[in-house]
Amino acid sequence: MKNPAFPFLLPMLLLSLGGFVAPMGVLAFYSLSAGGNPGLFGNYAAFLEDPFNLWIIVDTVTLGFKVVVVATCLAVPIAMLYWHGGRRLRQTVVVLALLPMLASNIVRTFAWIVLLGRNGPLVAIADALGLIDGPRSFLLTEGGLVIALAQIELPLLLLPMIAVLSRMDRRLVEAAEMAGAGPWRIMFTIVLPLTLPGIIAGWILTFASAATNFVTQAAIGGARLIYLPQFLYRQVNILFDWPTASVVAFILIISTGSVILALAMLTRHPRLIGNA
Amino acid sequence: MQTHSQALTVNGLSHTYAGQPAVEGVSFHVAAGEIAALLGPSGCGKSTVLRAIAGLLPAKPGVISLGGRDISPLPGRERGIGMVFQNYALFPHMTVAENIAYPLSFRGWDRKRRQARVEELLATVQLGGLERRLPRQLSGGQQQRVAVARALAVDPALLLLDEPFAALDRALRLDLQIELVRLQQTLGITTVIVTHDQEEAQALASQLVVMNRGHIEQTGTPAEIYDHPASLFVNSFVGYAGKIRAVVESASAAGSTLKVSTGETLRLPRELRFAPGSPVVLTVRPERLSIVDRPSDFTLAGRLLVSTPLGPDVIRSIALADGTEIKLTEPRDLRRSPLESSAPLFIALDVVNLHVFPAGEAL
Amino acid sequence: MPDFKMNRRQFGLGLAAAGLSMPMLSRPGLAAGSVTVATFPNAWEQAYRKVIVPMLAAKGTTLTIAPALTTAQIAKVLAAKQGSAPPPYDALLLSPGDIDIAVKNDLLAEVDPSKISNWSKLAPASQGKYGPTVTLEVDGFAYNPDVVPKPTSYKDLFENPAFAGKVSWTGFDSNTAIEFYSEIAKVYGSGPYDMDAVFKLFKDKKDFLGPIVDTTSHQMTMLQQGEIGVFMASTNNVAQLKALGAKAEFTSPDTGSPAVPVVIVMTKGATNPDAVHEYMDAAISADAQNVLQMPPTEYIPTNSDVKLAPGLAAYLTPETMSKLVYLDWGTVAQHRAEWTKQFDRVVKG
Ligand SMILES: Nc1ncnc2c1ncn2[C@@H]1O[C@H](COP(=O)(O)OP(=O)(O)O)[C@@H](O)[C@H]1O
Ligand SMILES: [Mg+2]
């Protein structure tokens with residue numbers, strides 16, 4: 001421990017050791033040793049043997065990906081609005097991006113229940129456009145859940161993008177302009193690639209948050225769409241099957257964690273280092 | 001490879017940032033194939049002028065013409081101008097080759113042709129073998145060369161460089177300056193370079209455009225500007241000049257008399273266009289001063305403060321009788337015994353060539 | 001109910017970790033004459049603050065109300081016990097199903113009726129070993145008359161086309177849902193625990209199934225939004241919807257309304273048993289129940305001195321009250337995990 005900053009890091013290290021690492025370790029130990037299943041990984045095997053459970057894992061990760069895709073489609077135009085806007089517009093975009101974060105997740109979720117419902121505007125629009133035949137409801141559908149989550153998690157993607165954009169060297173854009181590039185070319189060859197570190201950071205946050213957003217998954221997705229957080233909640237609070245719950249908790253951490261890790265590795269790409 | 005060098009004319013260019021005028025009424029001409037330097041202290045509006053020429057800022061009012069054609073209405077990407085930005089603005093996510101090929105990708109060239117052109121450019125700026133590096137893996141000098149190659153990629157009619165050497169260390173600067181001049185001469189491309197370093201401007205440019213506070217003070221060759229500065233500002237900004245305050249006592253065709261702030265009287269063998277009693281500032285170039293043994297009509301008494309050797313020369317700081325400090329350079333003569341510090345001595349002024357400016361002029 | 005025969009040391013270790021990350025588990029040491037009790041959140045919590053807290057304060061006892069869902073109440077007491085910490089609550093508010101789990105895990109202490117002066121005012125069924133029944137949750141069909149006709153039977157919900165796609169259900173997470181599935185099992189199957197009949201019905205009558213969600217509160221929102229026509233609800237749910245101005249009515253199935261007692265129980269290791277008894281006594285007193293049976297709470301009284309208020313009498317006809325159906329929650333607990341698993345597979349979209 002030659003690091004001279006070590007004494008200052010100590011409180012944080014102790015806190016994360018006591019509040020995070022130790023409980024996780026015990027939870028891991030518990031998931032391996034408690035319960036009636038034989039063998040070291042008995043609990044895991046019992047859970048993973050069931051294809052139904054495997055599909056829950058796949059669905060959870062897929063949900064995270066779908067939300068990331070939709071949120072990106074929403075965030076890029078907004079970020080470009082920010083990029084091209086003057087001071088006033090930029091401030092407006094930042095405020096509007098932050099505004100949803102001031103309302104709790106539960107409030108936003110219930111707003112989406114109204115928006116996605118049989119009598120909500122989205123159904124009316126889709127009906128008018130002929131996308132659906134006759135009124136129905138987007139509630140309790142995966143599509144509705146993805147849209148709601150994409151909006152709810154949008155600030156997590158938008159804010160890192162804006163952070164990168166606000167620091168971006170405008171001369172790079174001017175250099176592209178002098179090289180003969182038009183506005184769209186500049187956006188796709190310069191601005192977006194340089195925003196990528198922010199986009200990836202946003203993807204990580206959005207993915208992690210969407211895949212684990214118990215409240216919205218339950219309220220918009222209902223009981224027919226089952227994801228790991230709902231499953232975990234039930235094991236803990238309804239069935240009191242804590243050995244299985246700890247297994248599910250670890251599988252949730254591992255499955256979302258490995259996606260996050262993979263995304264984080266992307267930012268190590270030599271072309272992305274140092275340009276954010 | 002360059003054939004179509006074109007003359008640049010800037011006429012009556014002004015620009016304001018949010019109501020704050022940054023440049024006003026800037027006009028100058030750069031002949032085809034020449035290098036002009038926009039020279040002036042930081043914040044005087046050099047970059048603004050350059051960006052207006054490039055088309056990154058509107059020239060309103062003002063006319064910018066290239067090869068006799070008014071390019072003011074064109075957007076930057078259609079002006080056919082190559083630009084090297086301050087700190088180079090290389091695309092950090094692209095390799096050297098990709099950076100250089102970037103302007104070529106808008107020309108509808110096939111891959112092979114682009115590749116050949118990139119190789120040619122890499123050879124021109126002596127960067128062969130580095131095409132796969134990313135900008136952050138290059139030294140400052142190498143980055144500058146990539147920026148130059150990128151600016152030259154599409155055979156521009158005009159090359160603009162904004163402080164291209166500012167980020168480099170001194171030793172490297174000279175080499176790269178020589179290299180740039182050679183390259184420019186080979187290509188014969190009309191070039192405008194922005195710098196706040198007057199030595200650099202003199203070393204590079206055949207024509208200087210000296211700016212101060214948003215307007216042009218003087219244009220001319222480096223020698224004209226050095227020897228015949230149009231203002232006290234130019235005189236002090238381009239090369240060192242000692243300044244001595246004085247009051248005109250008499251001025252006639254036969255000669256003029258000045259009462260110097262030290263109390264001494266100085267006679268100039270020429271007519272000054274100042275009324276008697278006018279306060280003035282005399283400027284003296286260090287290399288035009290000499291140390292003499294005895295006083296005369298064109299000497300001032302002084303005291304040596306410190307001597308600093310600089311290569312073949314020695315720079316002496318001298319305090320006049322009233323404390324005014326001036327500098328003097330003379331060849332370092334090893335045979336002569338060194339002057340003692342604080343020894344009283346007399347400074348002979350080059351009364352034919354020294355400049356007299358009104359004292360009210362801002363520095 | 002999964003087996004809990006893991007060895008004590010392992011469990012203790014796990015809970016110690018849980019304790020580290022759950023500061024909620026510990027609570028500040030309280031002065032004598034004070035008691036911390038868990039109640040359901042929101043309406044219940046507010047009503048008890050208004051009615052019961054002053055009654056105990058008059059006797060010099062400080063009552064602290066901590067809102068928590070029943071499952072969370074048990075989880076926290078269980079966690080504290082396994083971590084060898086004192087229970088976070090002195091008394092809980094539970095239904096028989098939860099009491100069963102709590103008893104199995106040895107979380108509750110028996111009460112001493114001699115310390116509860118109103119004990120004799122309760123019907124024998126309400127005089128529980130672990131505490132008094134303070135109200136009954138009476139369940140039935142909540143429906144929106146603008147969307148569907150008045151439902152009368154379970155057959156209606158699965159066979160009358162007027163209800164196709166309009167009836168919302170919840171999974172086995174919800175106690176209310178289990179009561180109804182048990183009733184459906186009686187109608188379509190061989191008895192109250194024949195859930196295979198229910199699952200078969202769900203598979204056969206897919207078109208009749210409306211939205212399947214996690215909790216009753218989601219269904220309340222959806223009924224309000226006109227999204228659904230019917231869901232299984234308590235009289236309290238309907239009262240709450242009406243108070244919000246929603247179009248909602250309550251009706252009992254022809255086979256009788258499932259009912260669930262709500263019981264105050266004392267935790268084992270409660271710091272101040274006398275104060276807990278005082279709290280129970282206040283909760284079943286005629287004074288308290290007279291207030292609590294009025295809107296907005298409308299909790300059905302269990303004290304025989306209390307006359308049913310007109311608001312409640314509208315739902316609770318003598319016929320309804322005479323046909324209440326009770327479930328054996330012990331049996332439910334045995335099968336719950338299994339049923340949950342099967343239900344997931346039946347409804348998975
Ligand atoms: N984008 C801008 N917005 C407002 N003021 C600016 C902007 N760019 C430059 N200026 C101001 O205009 C003046 C000239 O700037 P510039 O042309 O960059 O000077 P130079 O390149 O000579 O250092 C300075 O006072 C500077 O502060
Ligand atoms: Mg500049």
# chains A, B, ... in the order shown; residues from 1 in each chain; ligands from 1
call {"tool": "residues_near_ligand", "arguments": {"ligand": "ligand 1", "cutoff": "8 Å", "atoms": "only C-alpha atoms and all ligand atoms", "output": "MDAnalysis selection string"}}
result
chainID B and resid 16:18 20:23 40:50 162 194 196 214
call {"tool": "select_by_dssp", "arguments": {"residues": "region 192-249 of chain C", "states": "strand (DSSP E)", "output": "NGL selection string"}}
result
:C and (209-213 or 230-234 or 249)
call {"tool": "residues_around", "arguments": {"residues": "region 216-230 of chain B", "least_positions_apart": "2", "cutoff": "8 Å", "atoms": "only C-alpha atoms", "output": "list of chain:residue names"}}
result
B:Val26, B:Ser27, B:Phe28, B:Gln202, B:Ala205, B:Ser206, B:Gln207, B:Leu208, B:Val209, B:Val210, B:Met211, B:Asn212, B:Gly214, B:Leu232, B:Val234, B:Asn235, B:Val238, B:Gly239
call {"tool": "interface_residues", "arguments": {"of": "chain A", "to": "chain B", "cutoff": "8 Å", "atoms": "only C-alpha atoms", "output": "ChimeraX atom specification"}}
result
/A:169,171-172,174-182,190,193-194,271-272,275
call {"tool": "closest_residue", "arguments": {"among": "B:Leu328, B:Val351, B:Leu39, B:Val118", "to": "ligand 2", "atoms": "only C-alpha atoms and all ligand atoms"}}
result
B:Leu39
call {"tool": "residues_around", "arguments": {"residues": "Pro192 (chain C)", "least_positions_apart": "4", "cutoff": "8 Å", "atoms": "only C-alpha atoms", "output": "ChimeraX atom specification"}}
result
/C:182-186
call {"tool": "write_last_selection", "arguments": {"atoms": "N, CA and C atoms", "output": "tab-separated table (two decimals), in the first residue's frame"}}
result
chain	number	residue	atom	x	y	z
C	182	SER	N	-59.37	-21.03	-5.03
C	182	SER	CA	-59.90	-22.13	-4.25
C	182	SER	C	-61.41	-22.27	-4.48
C	183	GLU	N	-62.12	-21.14	-4.57
C	183	GLU	CA	-63.55	-21.18	-4.85
C	183	GLU	C	-63.82	-21.73	-6.25
C	184	ILE	N	-62.97	-21.31	-7.21
C	184	ILE	CA	-63.15	-21.80	-8.59
C	184	ILE	C	-62.88	-23.30	-8.63
C	185	ALA	N	-61.89	-23.74	-7.83
C	185	ALA	CA	-61.56	-25.16	-7.79
C	185	ALA	C	-62.77	-25.97	-7.30
C	186	LYS	N	-63.53	-25.36	-6.37
C	186	LYS	CA	-64.72	-26.06	-5.88
C	186	LYS	C	-65.75	-26.18	-7.00
call {"tool": "atom_distance", "arguments": {"atom1": "CA of Gln115 (chain B)", "atom2": "CA of Gln6 (chain B)"}}
result
27.3 Å
call {"tool": "select_by_dssp", "arguments": {"residues": "region 185-324 of chain B", "states": "helix (DSSP H, G or I)", "output": "list in words"}}
result
Gln185, Thr186, Leu187, Gln198, Glu199, Glu200, Ala201, Gln202, Ala203, Leu204, Pro222, Ala223, Glu224, Ile225, Tyr226, Asp227, Leu232, Phe233, Val234, Asn235, Ser236, Phe237, Pro286, Glu287 and Arg288 of chain B
call {"tool": "residues_around", "arguments": {"residues": "region 278-281 of chain C", "least_positions_apart": "4", "cutoff": "12 Å", "atoms": "only C-alpha atoms", "output": "short mmCIF file (atom, residue, chain, number, x, y, z; two decimals) with C-alpha atoms, in the first residue's frame"}}
result
data_model
loop_
_atom_site.label_atom_id
_atom_site.label_comp_id
_atom_site.auth_asym_id
_atom_site.auth_seq_id
_atom_site.Cartn_x
_atom_site.Cartn_y
_atom_site.Cartn_z
CA GLY C 33 -44.27 2.04 28.06
CA SER C 34 -43.59 2.16 24.36
CA VAL C 35 -44.36 -0.31 21.63
CA THR C 36 -43.55 -0.60 17.93
CA VAL C 37 -46.12 -2.29 15.74
CA ALA C 38 -46.33 -3.09 12.07
CA TYR C 48 -54.33 3.69 13.40
CA VAL C 51 -57.43 6.47 16.32
CA ILE C 52 -55.25 4.02 18.26
CA VAL C 53 -52.18 6.15 18.96
CA PRO C 54 -54.16 8.72 21.04
CA MET C 55 -55.97 5.95 22.94
CA LEU C 56 -52.65 4.47 24.09
CA ALA C 57 -51.13 7.87 24.70
CA ALA C 58 -53.94 8.52 27.17
CA LYS C 59 -52.65 5.52 29.14
CA GLY C 60 -49.06 6.75 28.93
CA THR C 61 -47.96 4.29 26.26
CA THR C 62 -46.16 5.49 23.15
CA LEU C 63 -47.28 3.61 20.06
CA THR C 64 -44.96 3.69 17.06
CA ILE C 65 -46.54 2.53 13.82
CA ASP C 90 -43.54 -5.97 18.96
CA ALA C 91 -46.74 -6.76 17.14
CA LEU C 92 -47.65 -7.62 13.58
CA LEU C 93 -50.81 -7.33 11.55
CA VAL C 111 -51.39 -13.74 24.24
CA ASP C 112 -52.87 -13.62 27.71
CA PRO C 113 -56.63 -12.89 27.33
CA SER C 114 -56.88 -11.84 30.95
CA LYS C 115 -54.88 -8.74 30.07
CA ILE C 116 -57.34 -7.74 27.34
CA SER C 117 -60.54 -6.34 28.82
CA ASN C 118 -62.47 -6.38 25.52
CA TRP C 119 -61.59 -10.02 24.81
CA SER C 120 -65.05 -11.27 25.75
CA LYS C 121 -66.66 -8.95 23.20
CA LEU C 122 -65.16 -11.04 20.39
CA GLN C 127 -60.23 -15.02 19.86
CA GLY C 128 -56.99 -16.33 18.36
CA TYR C 130 -51.72 -15.39 19.08
CA GLY C 131 -54.05 -12.41 19.13
CA PRO C 132 -57.46 -10.98 18.37
CA THR C 133 -59.08 -10.60 14.97
CA VAL C 134 -59.54 -6.86 14.53
CA VAL C 263 -55.25 -10.42 13.27
CA ILE C 264 -52.90 -8.54 15.55
CA VAL C 265 -50.24 -10.92 16.84
CA MET C 266 -47.41 -10.50 19.30
CA ASN C 272 -43.00 -4.88 26.34
CA PRO C 273 -45.77 -7.52 26.32
CA ASP C 274 -48.03 -5.46 28.59
CA SER C 285 -62.50 -1.68 21.66
CA ALA C 286 -65.94 -0.47 20.61
CA ASP C 287 -64.63 3.12 20.64
CA ALA C 288 -61.97 2.38 18.05
CA GLN C 289 -64.03 0.09 15.84
CA ASN C 303 -66.51 -6.23 18.65
#
call {"tool": "interface_residues", "arguments": {"of": "chain A", "to": "chain C", "cutoff": "8 Å", "atoms": "only C-alpha atoms", "output": "JSON, numbers by chain"}}
result
{"A": [18, 19, 20, 22, 23, 24, 26, 27, 30, 33, 34, 35, 36, 52, 113, 114, 117, 118, 119, 137, 140, 218, 219, 221, 222, 223, 224, 225, 226, 234, 236, 237, 238, 239, 240, 241]}
call {"tool": "closest_residue", "arguments": {"among": "C:Ala102, C:Leu223, C:Ala43, C:Val138", "to": "Met321 (chain C)", "atoms": "only C-alpha atoms"}}
result
C:Val138
